[in-house]
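model-v3.txt follows (compact mmCIF, C-alpha atoms):
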```
# COMPACT_ATOMS: atom_id res chain seq x y z
CA MET A 1 -25.94 5.95 26.00
CA ASP A 2 -24.78 7.62 29.24
CA MET A 3 -21.12 7.95 30.21
CA THR A 4 -21.22 5.08 32.74
CA SER A 5 -22.57 2.64 30.15
CA ARG A 6 -20.06 3.90 27.62
CA LEU A 7 -17.16 3.34 30.04
CA GLU A 8 -18.35 -0.21 30.69
CA VAL A 9 -18.42 -0.95 26.97
CA TRP A 10 -14.96 0.57 26.53
CA TRP A 11 -13.58 -1.63 29.29
CA GLU A 12 -15.21 -4.72 27.78
CA LEU A 13 -13.71 -3.86 24.37
CA ALA A 14 -10.27 -3.38 25.94
CA GLU A 15 -10.41 -6.84 27.49
CA SER A 16 -12.20 -8.88 24.82
CA CYS A 17 -10.76 -7.16 21.74
CA GLY A 18 -7.66 -5.14 22.60
CA LEU A 19 -5.71 -7.57 24.78
CA ALA A 20 -6.76 -10.61 22.74
CA THR A 21 -5.68 -8.94 19.49
CA LEU A 22 -2.27 -7.90 20.82
CA HIS A 23 -1.65 -11.37 22.29
CA GLN A 24 -2.51 -13.08 19.02
CA VAL A 25 -0.25 -10.80 16.98
CA LEU A 26 2.64 -11.29 19.39
CA LEU A 27 2.34 -15.07 19.09
CA GLN A 28 2.40 -14.82 15.29
CA MET A 29 5.16 -12.24 15.00
CA TRP A 30 7.89 -12.95 17.57
CA ARG A 31 9.72 -15.56 15.47
CA LEU A 32 9.73 -13.33 12.38
CA LEU A 33 11.13 -10.45 14.42
CA LEU A 34 13.80 -12.73 15.87
CA LEU A 35 14.81 -13.86 12.37
CA CYS A 36 15.11 -10.22 11.29
CA VAL A 37 17.42 -9.42 14.20
CA LEU A 38 19.55 -12.54 13.58
CA ASN A 39 19.95 -11.55 9.93
CA ARG A 40 20.96 -8.05 10.96
CA LEU A 41 23.62 -9.33 13.34
CA LEU A 42 24.99 -11.84 10.83
CA PHE A 43 25.18 -9.26 8.04
CA ARG A 44 27.23 -7.09 10.40
CA LEU A 45 29.97 -9.74 10.72
CA GLY A 46 32.85 -8.72 8.48
CA ASN A 47 34.44 -12.15 8.10
CA VAL A 48 31.35 -13.81 6.58
CA PRO A 49 31.58 -14.06 2.76
CA GLY A 50 28.86 -12.42 0.66
CA SER A 51 27.65 -15.73 -0.76
CA MET A 52 27.01 -17.02 2.77
CA LYS A 53 25.02 -13.89 3.63
CA HIS A 54 22.85 -14.36 0.52
CA LEU A 55 22.32 -18.00 1.49
CA VAL A 56 21.27 -17.00 5.02
CA SER A 57 18.86 -14.42 3.57
CA LEU A 58 17.37 -17.11 1.32
CA LEU A 59 17.00 -19.70 4.08
CA THR A 60 15.60 -17.37 6.75
CA GLY A 61 13.18 -15.88 4.22
CA ALA A 62 11.99 -19.34 3.21
CA TYR A 63 11.58 -20.32 6.86
CA SER A 64 9.56 -17.18 7.61
CA LEU A 65 7.29 -18.09 4.70
CA PHE A 66 6.86 -21.54 6.25
CA LEU A 67 5.94 -19.97 9.61
CA PHE A 68 3.07 -18.06 8.01
CA PHE A 69 2.00 -20.29 5.09
CA GLU A 70 3.37 -23.74 6.01
CA VAL A 71 3.66 -26.02 2.98
CA HIS A 72 1.94 -23.46 0.73
CA MET A 73 5.19 -21.46 0.78
CA LEU A 74 6.29 -23.80 -2.03
CA TRP A 75 4.16 -21.74 -4.44
CA VAL A 76 6.20 -18.64 -3.59
CA LEU A 77 9.44 -20.59 -4.01
CA LEU A 78 8.17 -21.88 -7.36
CA LEU A 79 7.47 -18.30 -8.45
CA CYS A 80 11.01 -17.29 -7.45
CA GLY A 81 12.47 -20.15 -9.48
CA LEU A 82 10.35 -19.30 -12.51
CA CYS A 83 11.38 -15.65 -12.25
CA TYR A 84 15.08 -16.47 -12.30
CA LEU A 85 14.60 -18.91 -15.17
CA THR A 86 12.75 -16.23 -17.16
CA LEU A 87 15.53 -13.71 -16.51
CA LEU A 88 18.10 -16.28 -17.58
CA LEU A 89 16.29 -17.09 -20.84
CA SER A 90 15.98 -13.39 -21.70
CA ARG A 91 19.55 -12.44 -20.70
CA ASN A 92 20.51 -11.48 -24.29
CA SER A 93 17.38 -9.42 -24.88
CA ASP A 94 17.04 -5.64 -24.61
CA SER A 95 13.43 -6.01 -23.46
CA ARG A 96 13.85 -8.18 -20.40
CA GLY A 97 11.38 -6.08 -18.44
CA LEU A 98 8.55 -6.69 -20.88
CA PHE A 99 9.47 -10.36 -21.31
CA VAL A 100 9.53 -11.02 -17.57
CA SER A 101 6.33 -8.99 -17.03
CA GLY A 102 4.53 -11.06 -19.68
CA ALA A 103 5.66 -14.35 -18.16
CA ILE A 104 4.60 -13.25 -14.68
CA LEU A 105 1.23 -12.05 -15.98
CA ILE A 106 0.55 -15.52 -17.40
CA TYR A 107 1.47 -17.09 -14.05
CA LEU A 108 -0.78 -14.71 -12.12
CA LEU A 109 -3.71 -15.26 -14.48
CA ILE A 110 -3.34 -19.03 -14.06
CA GLY A 111 -3.60 -18.60 -10.29
CA GLU A 112 -6.49 -16.11 -10.51
CA MET A 113 -8.50 -18.44 -12.76
CA HIS A 114 -8.66 -20.86 -9.79
CA LEU A 115 -6.30 -23.41 -11.32
CA ILE A 116 -4.61 -23.05 -7.94
CA ASP A 117 -6.79 -23.39 -4.82
CA PRO A 118 -8.36 -19.93 -4.25
CA VAL A 119 -7.88 -20.04 -0.46
CA ILE A 120 -4.19 -20.89 -0.82
CA TRP A 121 -3.76 -18.28 -3.56
CA GLN A 122 -5.29 -15.59 -1.37
CA LYS A 123 -3.01 -16.45 1.57
CA ILE A 124 0.19 -16.10 -0.43
CA ARG A 125 -0.91 -13.19 -2.65
CA GLY A 126 0.90 -10.52 -0.60
CA SER A 127 4.24 -12.34 -0.64
CA GLN A 128 3.88 -13.11 -4.34
CA MET A 129 3.19 -9.46 -5.05
CA VAL A 130 6.45 -8.43 -3.33
CA VAL A 131 8.42 -11.07 -5.26
CA VAL A 132 6.85 -9.98 -8.58
CA MET A 133 7.66 -6.31 -7.96
CA LYS A 134 11.25 -7.16 -7.08
CA VAL A 135 11.95 -9.31 -10.13
CA ILE A 136 10.32 -6.84 -12.54
CA SER A 137 12.41 -4.02 -11.09
CA VAL A 138 15.56 -6.11 -11.60
CA ALA A 139 14.58 -6.84 -15.22
CA PHE A 140 13.93 -3.18 -16.10
CA ASP A 141 17.07 -2.05 -14.24
CA LEU A 142 19.08 -4.47 -16.37
CA ASP A 143 17.50 -2.98 -19.51
CA ARG A 144 18.31 0.57 -18.36
CA GLY A 145 21.86 -0.26 -17.27
CA ALA A 146 21.14 0.50 -13.60
CA LEU A 147 22.31 -3.08 -12.94
CA ARG A 148 25.40 -4.07 -14.87
CA SER A 149 24.81 -7.81 -14.92
CA LEU A 150 22.25 -10.42 -13.95
CA PRO A 151 22.62 -11.30 -10.25
CA SER A 152 23.70 -14.84 -9.47
CA PRO A 153 21.00 -17.32 -8.39
CA MET A 154 22.04 -16.93 -4.75
CA GLU A 155 22.01 -13.13 -4.94
CA LEU A 156 18.63 -12.93 -6.66
CA LEU A 157 16.93 -15.49 -4.42
CA GLY A 158 18.39 -13.84 -1.31
CA TYR A 159 16.92 -10.55 -2.54
CA LEU A 160 13.52 -12.00 -3.43
CA LEU A 161 13.24 -13.85 -0.10
CA PHE A 162 14.83 -11.18 2.12
CA VAL A 163 13.31 -11.89 5.53
CA GLY A 164 12.53 -8.26 6.29
CA THR A 165 10.18 -7.92 3.32
CA VAL A 166 9.06 -11.33 2.08
CA VAL A 167 5.97 -11.67 4.30
CA PHE A 168 4.58 -8.15 4.72
CA GLY A 169 6.66 -6.19 2.23
CA PRO A 170 7.55 -3.54 1.32
CA TRP A 171 9.23 -3.54 -2.06
CA ILE A 172 12.87 -2.48 -1.83
CA SER A 173 15.36 -2.09 -4.65
CA PHE A 174 18.21 -4.50 -5.26
CA SER A 175 20.68 -1.77 -4.23
CA ALA A 176 18.85 -1.35 -0.88
CA TYR A 177 19.15 -5.10 -0.32
CA SER A 178 22.85 -4.95 -1.20
CA ASP A 179 23.34 -2.21 1.40
CA ALA A 180 21.62 -4.41 3.99
CA ILE A 181 23.87 -7.34 3.10
CA ALA A 182 26.93 -5.10 3.46
CA GLY A 183 26.00 -4.72 7.11
CA GLN A 184 25.29 -1.18 8.25
CA LYS A 185 26.65 -0.33 11.68
CA LEU A 186 24.50 -1.05 14.70
CA SER A 187 23.09 1.94 16.55
CA GLY A 188 20.49 2.92 19.07
CA SER A 189 18.55 4.88 16.43
CA TRP A 190 18.22 1.71 14.31
CA PHE A 191 16.70 -0.29 17.16
CA LEU A 192 14.53 2.50 18.56
CA THR A 193 13.16 3.48 15.13
CA SER A 194 12.31 -0.14 14.33
CA LEU A 195 10.63 -0.56 17.71
CA HIS A 196 8.73 2.68 17.25
CA ARG A 197 7.30 1.52 13.91
CA LEU A 198 6.29 -1.83 15.39
CA VAL A 199 4.46 -0.11 18.25
CA LYS A 200 2.69 2.20 15.78
CA SER A 201 1.58 -0.85 13.82
CA GLN A 202 -0.04 -2.35 16.90
CA LEU A 203 -1.84 0.90 17.70
CA CYS A 204 -3.18 1.00 14.14
CA LEU A 205 -4.35 -2.61 14.48
CA LEU A 206 -6.25 -1.73 17.66
CA MET A 207 -7.81 1.25 15.89
CA SER A 208 -8.88 -0.92 12.96
CA THR A 209 -10.19 -3.83 15.02
CA CYS A 210 -11.48 -2.40 18.27
CA ILE A 211 -12.29 1.29 17.78
CA THR A 212 -13.26 2.33 14.25
CA PRO A 213 -15.99 -0.34 13.85
CA TYR A 214 -17.71 1.26 16.87
CA LEU A 215 -16.83 4.87 16.11
CA PHE A 216 -20.41 6.18 15.87
CA PRO A 217 -22.01 6.59 18.38
CA LEU A 218 -19.89 4.71 20.95
CA PHE A 219 -16.76 6.88 20.75
CA ILE A 220 -18.16 9.90 18.91
CA PRO A 221 -21.81 10.38 19.92
CA ILE A 222 -23.20 11.33 16.52
CA GLU A 223 -26.49 9.96 15.24
CA GLY A 224 -28.49 11.06 12.24
CA ASN A 225 -31.34 10.37 9.90
CA PRO A 226 -31.22 7.39 7.51
CA PHE A 227 -29.36 9.44 4.87
CA THR A 228 -26.58 10.69 7.15
CA GLN A 229 -26.44 7.39 9.00
CA LYS A 230 -25.45 5.43 5.91
CA TRP A 231 -22.62 7.90 5.25
CA LEU A 232 -21.43 7.64 8.87
CA TRP A 233 -21.47 3.87 8.52
CA ALA A 234 -19.56 4.15 5.23
CA TYR A 235 -16.97 6.36 6.95
CA GLU A 236 -16.56 3.77 9.73
CA ASN A 237 -15.91 1.04 7.17
CA ALA A 238 -13.47 3.18 5.24
CA LEU A 239 -11.57 4.24 8.37
CA SER A 240 -11.29 0.65 9.59
CA PHE A 241 -9.89 -0.35 6.19
CA HIS A 242 -7.43 2.57 6.29
CA PHE A 243 -6.04 1.59 9.67
CA SER A 244 -5.67 -2.05 8.65
CA ASN A 245 -3.46 -0.77 5.82
CA TYR A 246 -1.49 1.43 8.24
CA PHE A 247 -0.98 -1.64 10.45
CA VAL A 248 0.61 -3.61 7.61
CA GLY A 249 2.56 -0.58 6.42
CA HIS A 250 4.13 0.25 9.78
CA LEU A 251 4.72 -3.44 10.48
CA SER A 252 6.62 -3.77 7.19
CA GLU A 253 8.65 -0.67 8.08
CA GLY A 254 9.61 -2.27 11.39
CA THR A 255 10.55 -5.70 10.01
CA CYS A 256 12.46 -4.22 7.06
CA MET A 257 14.56 -1.89 9.22
CA LEU A 258 15.01 -4.54 11.90
CA ALA A 259 16.59 -6.78 9.21
CA GLY A 260 18.96 -3.99 8.16
CA ALA A 261 17.30 -2.29 5.16
CA GLY A 262 15.57 1.06 4.90
CA CYS A 263 18.23 3.65 5.71
CA THR A 264 19.72 6.59 3.87
CA LYS A 265 23.27 7.85 4.17
CA GLU A 266 24.01 11.45 5.04
CA LYS A 267 27.78 11.84 4.87
CA ASP A 268 29.00 9.50 7.63
CA ASN A 269 25.62 9.19 9.34
CA LEU A 270 22.87 6.66 8.75
CA LYS A 271 19.28 7.79 8.94
CA TRP A 272 16.72 5.04 9.47
CA ASP A 273 13.83 6.71 7.68
CA LEU A 274 11.98 4.07 5.67
CA ALA A 275 8.39 5.23 5.14
CA VAL A 276 5.72 2.93 3.73
CA VAL A 277 2.57 4.83 4.77
CA LYS A 278 1.80 8.39 5.84
CA PRO A 279 -1.57 8.25 7.63
CA SER A 280 -1.79 12.03 8.12
CA HIS A 281 -1.64 12.55 4.33
CA VAL A 282 -4.60 10.18 3.95
CA GLU A 283 -6.83 11.22 6.85
CA MET A 284 -6.12 14.95 6.42
CA PRO A 285 -5.48 15.00 2.68
CA ARG A 286 -4.63 17.85 0.36
CA SER A 287 -5.63 15.84 -2.70
CA MET A 288 -6.40 12.35 -3.91
CA VAL A 289 -3.08 12.37 -5.77
CA LEU A 290 -1.20 12.66 -2.46
CA VAL A 291 -3.48 10.06 -0.86
CA VAL A 292 -2.55 7.52 -3.53
CA THR A 293 1.19 8.15 -3.17
CA SER A 294 1.00 8.08 0.65
CA TRP A 295 -1.07 4.88 0.83
CA ASN A 296 1.91 2.68 -0.06
CA ILE A 297 4.95 4.82 -0.82
CA PRO A 298 7.33 2.08 -2.10
CA MET A 299 4.64 0.63 -4.34
CA SER A 300 3.80 4.10 -5.64
CA ARG A 301 7.45 4.62 -6.53
CA TRP A 302 7.62 1.21 -8.18
CA LEU A 303 4.51 1.89 -10.28
CA LYS A 304 5.84 5.29 -11.30
CA SER A 305 9.31 3.98 -12.23
CA TYR A 306 8.42 0.74 -13.97
CA VAL A 307 4.87 1.24 -15.29
CA PHE A 308 3.94 4.91 -15.59
CA LYS A 309 7.20 6.12 -17.14
CA ASN A 310 7.26 3.25 -19.64
CA ALA A 311 3.64 3.98 -20.61
CA MET A 312 3.99 7.77 -20.92
CA LYS A 313 4.60 7.48 -24.67
CA LEU A 314 0.90 6.52 -24.93
CA GLY A 315 -0.20 9.76 -23.28
CA THR A 316 -0.82 10.83 -19.68
CA PHE A 317 -4.35 9.47 -19.33
CA ALA A 318 -3.44 6.11 -20.92
CA ALA A 319 -0.37 5.89 -18.67
CA ILE A 320 -2.51 6.53 -15.58
CA LEU A 321 -4.99 3.83 -16.62
CA MET A 322 -2.18 1.35 -17.30
CA THR A 323 -0.65 2.14 -13.91
CA TYR A 324 -3.89 1.46 -12.03
CA THR A 325 -4.55 -1.63 -14.16
CA ALA A 326 -1.12 -2.97 -13.23
CA SER A 327 -1.88 -2.26 -9.57
CA ALA A 328 -5.19 -4.12 -9.89
CA LEU A 329 -3.46 -7.14 -11.44
CA LEU A 330 -0.88 -7.20 -8.65
CA HIS A 331 -3.62 -7.08 -6.02
CA GLY A 332 -5.61 -9.84 -7.76
CA LEU A 333 -8.54 -10.11 -10.11
CA SER A 334 -11.12 -9.08 -7.53
CA PHE A 335 -14.04 -7.07 -8.90
CA HIS A 336 -14.36 -4.72 -5.94
CA LEU A 337 -10.61 -4.02 -5.76
CA GLY A 338 -10.45 -3.50 -9.50
CA ALA A 339 -13.46 -1.18 -9.37
CA VAL A 340 -11.87 0.88 -6.58
CA LEU A 341 -8.48 1.13 -8.29
CA LEU A 342 -9.88 2.07 -11.68
CA SER A 343 -12.19 4.60 -10.04
CA LEU A 344 -9.11 6.03 -8.30
CA GLY A 345 -7.46 6.38 -11.69
CA PHE A 346 -10.31 8.53 -13.02
CA ILE A 347 -10.59 10.54 -9.80
CA THR A 348 -6.88 11.39 -9.62
CA TYR A 349 -6.71 12.30 -13.31
CA VAL A 350 -9.75 14.60 -13.22
CA GLU A 351 -8.64 16.19 -9.96
CA HIS A 352 -5.14 16.80 -11.31
CA VAL A 353 -6.17 18.43 -14.61
CA LEU A 354 -8.97 20.47 -13.00
CA ARG A 355 -6.80 21.89 -10.22
CA LYS A 356 -3.97 22.56 -12.66
CA ARG A 357 -6.35 24.50 -14.90
CA LEU A 358 -7.85 26.46 -11.99
CA ALA A 359 -4.35 27.25 -10.70
CA THR A 360 -3.52 28.74 -14.11
CA ILE A 361 -6.75 30.75 -14.34
CA PHE A 362 -6.51 32.24 -10.83
CA SER A 363 -2.68 32.17 -10.62
CA ALA A 364 -3.04 30.47 -7.24
CA CYS A 365 -1.36 27.63 -5.36
CA ILE A 366 -4.29 25.22 -5.56
CA MET A 367 -2.71 22.34 -7.50
CA SER A 368 -2.86 18.74 -6.32
CA ARG A 369 0.65 18.94 -4.90
CA PRO A 370 1.97 21.83 -2.79
CA CYS A 371 3.76 24.43 -4.88
CA PRO A 372 7.50 25.09 -4.32
CA GLY A 373 8.41 28.37 -2.71
CA ASP A 374 9.54 29.92 -5.99
CA CYS A 375 6.41 29.03 -8.00
CA PRO A 376 5.12 31.74 -10.41
CA HIS A 377 1.63 31.94 -8.89
CA GLN A 378 0.62 35.39 -7.61
CA HIS A 379 -1.72 34.13 -4.89
CA LYS A 380 -0.15 31.76 -2.38
CA LYS A 381 -1.54 32.10 1.16
CA GLU A 382 -4.61 34.27 0.80
CA PHE A 383 -7.72 33.23 2.70
CA TRP A 384 -9.63 32.23 -0.44
CA VAL A 385 -6.68 30.09 -1.61
CA LYS A 386 -6.69 28.20 1.70
CA LEU A 387 -10.46 27.88 1.47
CA LEU A 388 -10.29 26.33 -2.01
CA ASN A 389 -7.63 23.86 -0.86
CA LEU A 390 -9.80 23.00 2.15
CA LEU A 391 -12.80 22.35 -0.11
CA PHE A 392 -10.71 20.00 -2.26
CA SER A 393 -9.51 18.26 0.93
CA LEU A 394 -13.11 17.70 2.05
CA LEU A 395 -13.94 16.42 -1.42
CA THR A 396 -11.08 13.92 -1.14
CA ILE A 397 -12.41 12.68 2.22
CA PHE A 398 -15.81 12.29 0.56
CA HIS A 399 -14.28 10.16 -2.24
CA LEU A 400 -12.34 8.04 0.28
CA THR A 401 -15.49 7.39 2.32
CA TYR A 402 -17.36 6.35 -0.80
CA LEU A 403 -14.61 4.07 -2.13
CA GLY A 404 -13.91 2.48 1.24
CA SER A 405 -17.54 1.80 2.08
CA MET A 406 -17.45 -1.73 0.67
CA PHE A 407 -14.59 -3.03 2.82
CA ASP A 408 -16.34 -4.70 5.74
CA PRO A 409 -14.28 -4.91 8.97
CA GLY A 410 -13.26 -8.46 9.82
CA LEU A 411 -13.57 -9.88 6.31
CA ASP A 412 -10.51 -10.70 4.24
CA GLU A 413 -10.49 -10.49 0.46
CA GLN A 414 -11.26 -14.18 -0.03
CA GLU A 415 -14.36 -13.96 2.16
CA VAL A 416 -15.52 -10.83 0.33
CA ASP A 417 -15.13 -12.54 -3.05
CA GLU A 418 -17.09 -15.56 -1.81
CA VAL A 419 -19.77 -13.82 0.27
CA TYR A 420 -20.09 -10.66 -1.82
CA PRO A 421 -19.77 -11.04 -5.59
CA ALA A 422 -19.70 -8.08 -8.00
CA SER A 423 -23.24 -7.24 -6.95
CA HIS A 424 -21.89 -6.36 -3.48
CA THR A 425 -19.89 -3.45 -4.92
CA ILE A 426 -22.78 -2.30 -7.08
CA GLN A 427 -25.19 -2.49 -4.14
CA ARG A 428 -22.92 -0.52 -1.79
CA TRP A 429 -22.34 2.27 -4.29
CA SER A 430 -26.02 2.26 -5.24
CA GLU A 431 -26.94 2.83 -1.59
CA LEU A 432 -24.73 5.93 -1.75
CA ASN A 433 -26.39 6.97 -5.03
CA TRP A 434 -23.15 6.61 -7.01
CA ALA A 435 -22.31 10.02 -5.55
CA SER A 436 -18.54 9.95 -6.04
CA HIS A 437 -18.79 8.88 -9.67
CA TRP A 438 -21.31 11.63 -10.37
CA VAL A 439 -19.04 14.22 -8.76
CA VAL A 440 -16.10 13.07 -10.88
CA PHE A 441 -18.22 13.20 -14.05
CA ILE A 442 -19.48 16.72 -13.25
CA SER A 443 -15.92 17.83 -12.42
CA TRP A 444 -14.69 16.53 -15.76
CA ILE A 445 -17.51 18.36 -17.61
CA PHE A 446 -16.59 21.56 -15.75
CA TYR A 447 -12.93 21.09 -16.65
CA ARG A 448 -13.80 20.69 -20.33
CA LEU A 449 -15.89 23.85 -20.23
CA ILE A 450 -13.09 25.99 -18.79
CA GLN A 451 -10.27 24.39 -20.78
```
Turn the structure described in the file into structure tokens.
Amino acid sequence: MDMTSRLEVWWELAESCGLATLHQVLLQMWRLLLLCVLNRLLFRLGNVPGSMKHLVSLLTGAYSLFLFFEVHMLWVLLLCGLCYLTLLLSRNSDSRGLFVSGAILIYLLIGEMHLIDPVIWQKIRGSQMVVVMKVISVAFDLDRGALRSLPSPMELLGYLLFVGTVVFGPWISFSAYSDAIAGQKLSGSWFLTSLHRLVKSQLCLLMSTCITPYLFPLFIPIEGNPFTQKWLWAYENALSFHFSNYFVGHLSEGTCMLAGAGCTKEKDNLKWDLAVVKPSHVEMPRSMVLVVTSWNIPMSRWLKSYVFKNAMKLGTFAAILMTYTASALLHGLSFHLGAVLLSLGFITYVEHVLRKRLATIFSACIMSRPCPGDCPHQHKKEFWVKLLNLLFSLLTIFHLTYLGSMFDPGLDEQEVDEVYPASHTIQRWSELNWASHWVVFISWIFYRLIQ
């Protein structure tokens, strides 16, 4: 394709895809953004009692659910009511976290077994996941003494339905919600940071929808033989899926901060620094471990605090498997998502133990996470150390391409489950010769040999 033809296609994409996509998102989002700003301004008023602020948070959150899900928002409200009832029934127990988690698991399994309409269930899954994470964190914080007493119904429901997080996330702690309710001072940095994240989200949406599906050879003129072509196509799919995640992540950063949450205090200054995703850590990764934590930072913290640490008494490997299993349950009982998440569990574990062992043998800074400046390793910035880290980075990109190959652009999870059953995942990975799984297996064998 010559440059003139390529420019014509680019212009057609800009008109038919870019402008149409931005217009559609603006129509869907402007009321939610307005509700976030109204909450922020109301929380700032000093003469409004706390109970009224919690009520406003509840009502605006419920209305935002109605804007996106219409009458199906009642399922999310039902979940919120059941969560509070479960907390109330277990108020005298020392294992409220486990009790609430068990009750929620039963509810989720009922929905996943299609006792609730699958289309409706898929629409509300994201909001339900945020509500579930919030109530489980409250239950475990009560067990640990981080929360002194069970929040009142108005406080808990205001937290669960907080307008800045209830539609797109992210998970925030009850203390972060309380800080938002207290009404942090208005500033230019608050508004500009929120606006910046919203703009970034739209750029990521354009990348996912209008650019990455046509990456090769329209934007990057690379063509290859059948073997390389299927890997280029897999990389396109994976990259499109990545940017759709960045879109939601940056959008949730913007809505959360716009509603008044997501800041840290440094003496008398407020720093609006909520981070949900770090695309550079995924697209230019040091390790799969950092990819996983950078994919959804609040969820990674939640899993570490409320799943991994509680499961550590079973051993590191068992705790990792339980963590990824919990993540799979939160995302829904979808075969391809479960297969990806469990595969991630094995990949991150093998990568971590192998690099840790190699770092000990060579006394080099080649672990999954960057070493602190005072680490005991003798070799820190030598050329061969950088080369080894680069090889592991390329290996991580290879794993990400393989795992993301099954996520077709333009299809949501419900369509994938209907159009592509479990055989879809098996077929996609078979076309790539199960390469990533073989590499992980060989890496584990090598680790056992040098252990």
Spatial neighbours of Glu382 (chain A), max dist 12 Å, only C-alpha atoms, sep filter under 3 positions, as a ChimeraX atom specification: /A:362-366,377-379,385-389
Check the smallest atom-to-atom distance from each of A:Ser175, A:Ser201, A:Ser93, A:Ser51 to Glu253 (chain A) using all atoms listed in the file, then report the winner. A:Ser201
Set the distance at 9 Å and use all atoms listed in the file: which residues neighbour Gly338 (chain A) once local chain neighbours fewer than 5 positions away are removed? I'd like the list as an MDAnalysis selection string. chainID A and resid 324:325 327:329 331:333 343
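Among the candidates A:Trp171, A:Tyr402, A:Tyr447, A:Trp231, the one nearest to Trp302 (chain A) when counting only C-alpha atoms is A:Trp171.
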Report as CSV the residues of region 243-318 of chain A within 7 Å of region 202-224 of chain A, each with its shortest atom pair and distance in Å (one decimal), using only C-alpha atoms, ordered by chain and increasing residue number.
```
residue,atom,partner,partner_atom,distance
A:Phe243,CA,A:Ser208,CA,5.0
A:Ser244,CA,A:Ser208,CA,5.5
A:Tyr246,CA,A:Cys204,CA,6.2
A:Phe247,CA,A:Cys204,CA,5.0
```
Exercise: His352 (chain A) partners within 12 Å, all atoms listed in the file, chain neighbours under 6 positions left out, as a list of chain:residue names: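 Residues meeting the cut-off are A:Arg286, A:Ser287, A:Met288, A:Val289, A:Leu290, A:Thr316, A:Phe317, A:Ile320, A:Leu344, A:Gly345, A:Phe346, A:Leu358, A:Ala359, A:Ile366, A:Met367, A:Ser368, A:Arg369, A:Phe392, A:Val440, A:Ser443, A:Trp444, A:Tyr447.
From CA of Gly164 (chain A) back to CA of Asn39 (chain A), the distance works out to 8.9 Å.
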Do you have the CA of Leu321 (chain A)-CA of Thr86 (chain A) distance handy?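 Computing it gives 26.8 Å between the two atoms.
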Build an axis-aligned box that encloses every atom of region 6-23 of chain A listed in the file, pad it by 8 Å on each side, and report its centre and edge lengths in Å to one decimal, as lines of an AutoDock Vina configuration file.
```
center_x = -10.9
center_y = -3.7
center_z = 25.1
size_x = 34.4
size_y = 31.3
size_z = 27.2
```
Could you check which of A:Trp75, A:Tyr177, A:Tyr159, A:Tyr349 is closest to Gln128 (chain A), using all atoms listed in the file?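 With all atoms listed in the file as the atom set, the closest residue is A:Trp75.
Between CA of Leu341 (chain A) and CA of Thr228 (chain A) lies a distance of 25.6 Å.
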Long-range neighbours of Gln28 (chain A) as number ranges by chain, 12 Å cut-off, all atoms listed in the file, 3 positions minimum in chain: A: 21-25, 31-34, 64, 67-69, 167
Shortest interatomic distance to Met129 (chain A) - which of A:Ala275, A:Leu330, A:Cys80, A:Leu38, counting only C-alpha atoms: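 Of the candidates, the smallest distance to Met129 (chain A) is held by A:Leu330.
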Pick the closest to His399 (chain A) from A:Leu82, A:Cys375, A:Ala422, A:Leu432: which is it, counting all atoms listed in the file? A:Leu432
Which residues are near Val76 (chain A)? Cut-off 12 Å, all atoms listed in the file, ignore same chain within fewer than 4 positions. Put them as number ranges by chain. A: 61-66, 69-72, 80-83, 107-108, 111, 120-121, 123-132, 157, 160-161, 166-167
So that I have them on file, write out the residues from the current selection with C-alpha atoms, as a tab-separated table (two decimals), in the coordinates of the input.
```tsv
chain	number	residue	atom	x	y	z
A	61	GLY	CA	13.18	-15.88	4.22
A	62	ALA	CA	11.99	-19.34	3.21
A	63	TYR	CA	11.58	-20.32	6.86
A	64	SER	CA	9.56	-17.18	7.61
A	65	LEU	CA	7.29	-18.09	4.70
A	66	PHE	CA	6.86	-21.54	6.25
A	69	PHE	CA	2.00	-20.29	5.09
A	70	GLU	CA	3.37	-23.74	6.01
A	71	VAL	CA	3.66	-26.02	2.98
A	72	HIS	CA	1.94	-23.46	0.73
A	80	CYS	CA	11.01	-17.29	-7.45
A	81	GLY	CA	12.47	-20.15	-9.48
A	82	LEU	CA	10.35	-19.30	-12.51
A	83	CYS	CA	11.38	-15.65	-12.25
A	107	TYR	CA	1.47	-17.09	-14.05
A	108	LEU	CA	-0.78	-14.71	-12.12
A	111	GLY	CA	-3.60	-18.60	-10.29
A	120	ILE	CA	-4.19	-20.89	-0.82
A	121	TRP	CA	-3.76	-18.28	-3.56
A	123	LYS	CA	-3.01	-16.45	1.57
A	124	ILE	CA	0.19	-16.10	-0.43
A	125	ARG	CA	-0.91	-13.19	-2.65
A	126	GLY	CA	0.90	-10.52	-0.60
A	127	SER	CA	4.24	-12.34	-0.64
A	128	GLN	CA	3.88	-13.11	-4.34
A	129	MET	CA	3.19	-9.46	-5.05
A	130	VAL	CA	6.45	-8.43	-3.33
A	131	VAL	CA	8.42	-11.07	-5.26
A	132	VAL	CA	6.85	-9.98	-8.58
A	157	LEU	CA	16.93	-15.49	-4.42
A	160	LEU	CA	13.52	-12.00	-3.43
A	161	LEU	CA	13.24	-13.85	-0.10
A	166	VAL	CA	9.06	-11.33	2.08
A	167	VAL	CA	5.97	-11.67	4.30
```
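Among the candidates A:Phe335, A:Trp190, A:Phe174, A:Phe162, the residue lying nearest to His54 (chain A) is A:Phe162 (atoms considered: all atoms listed in the file).
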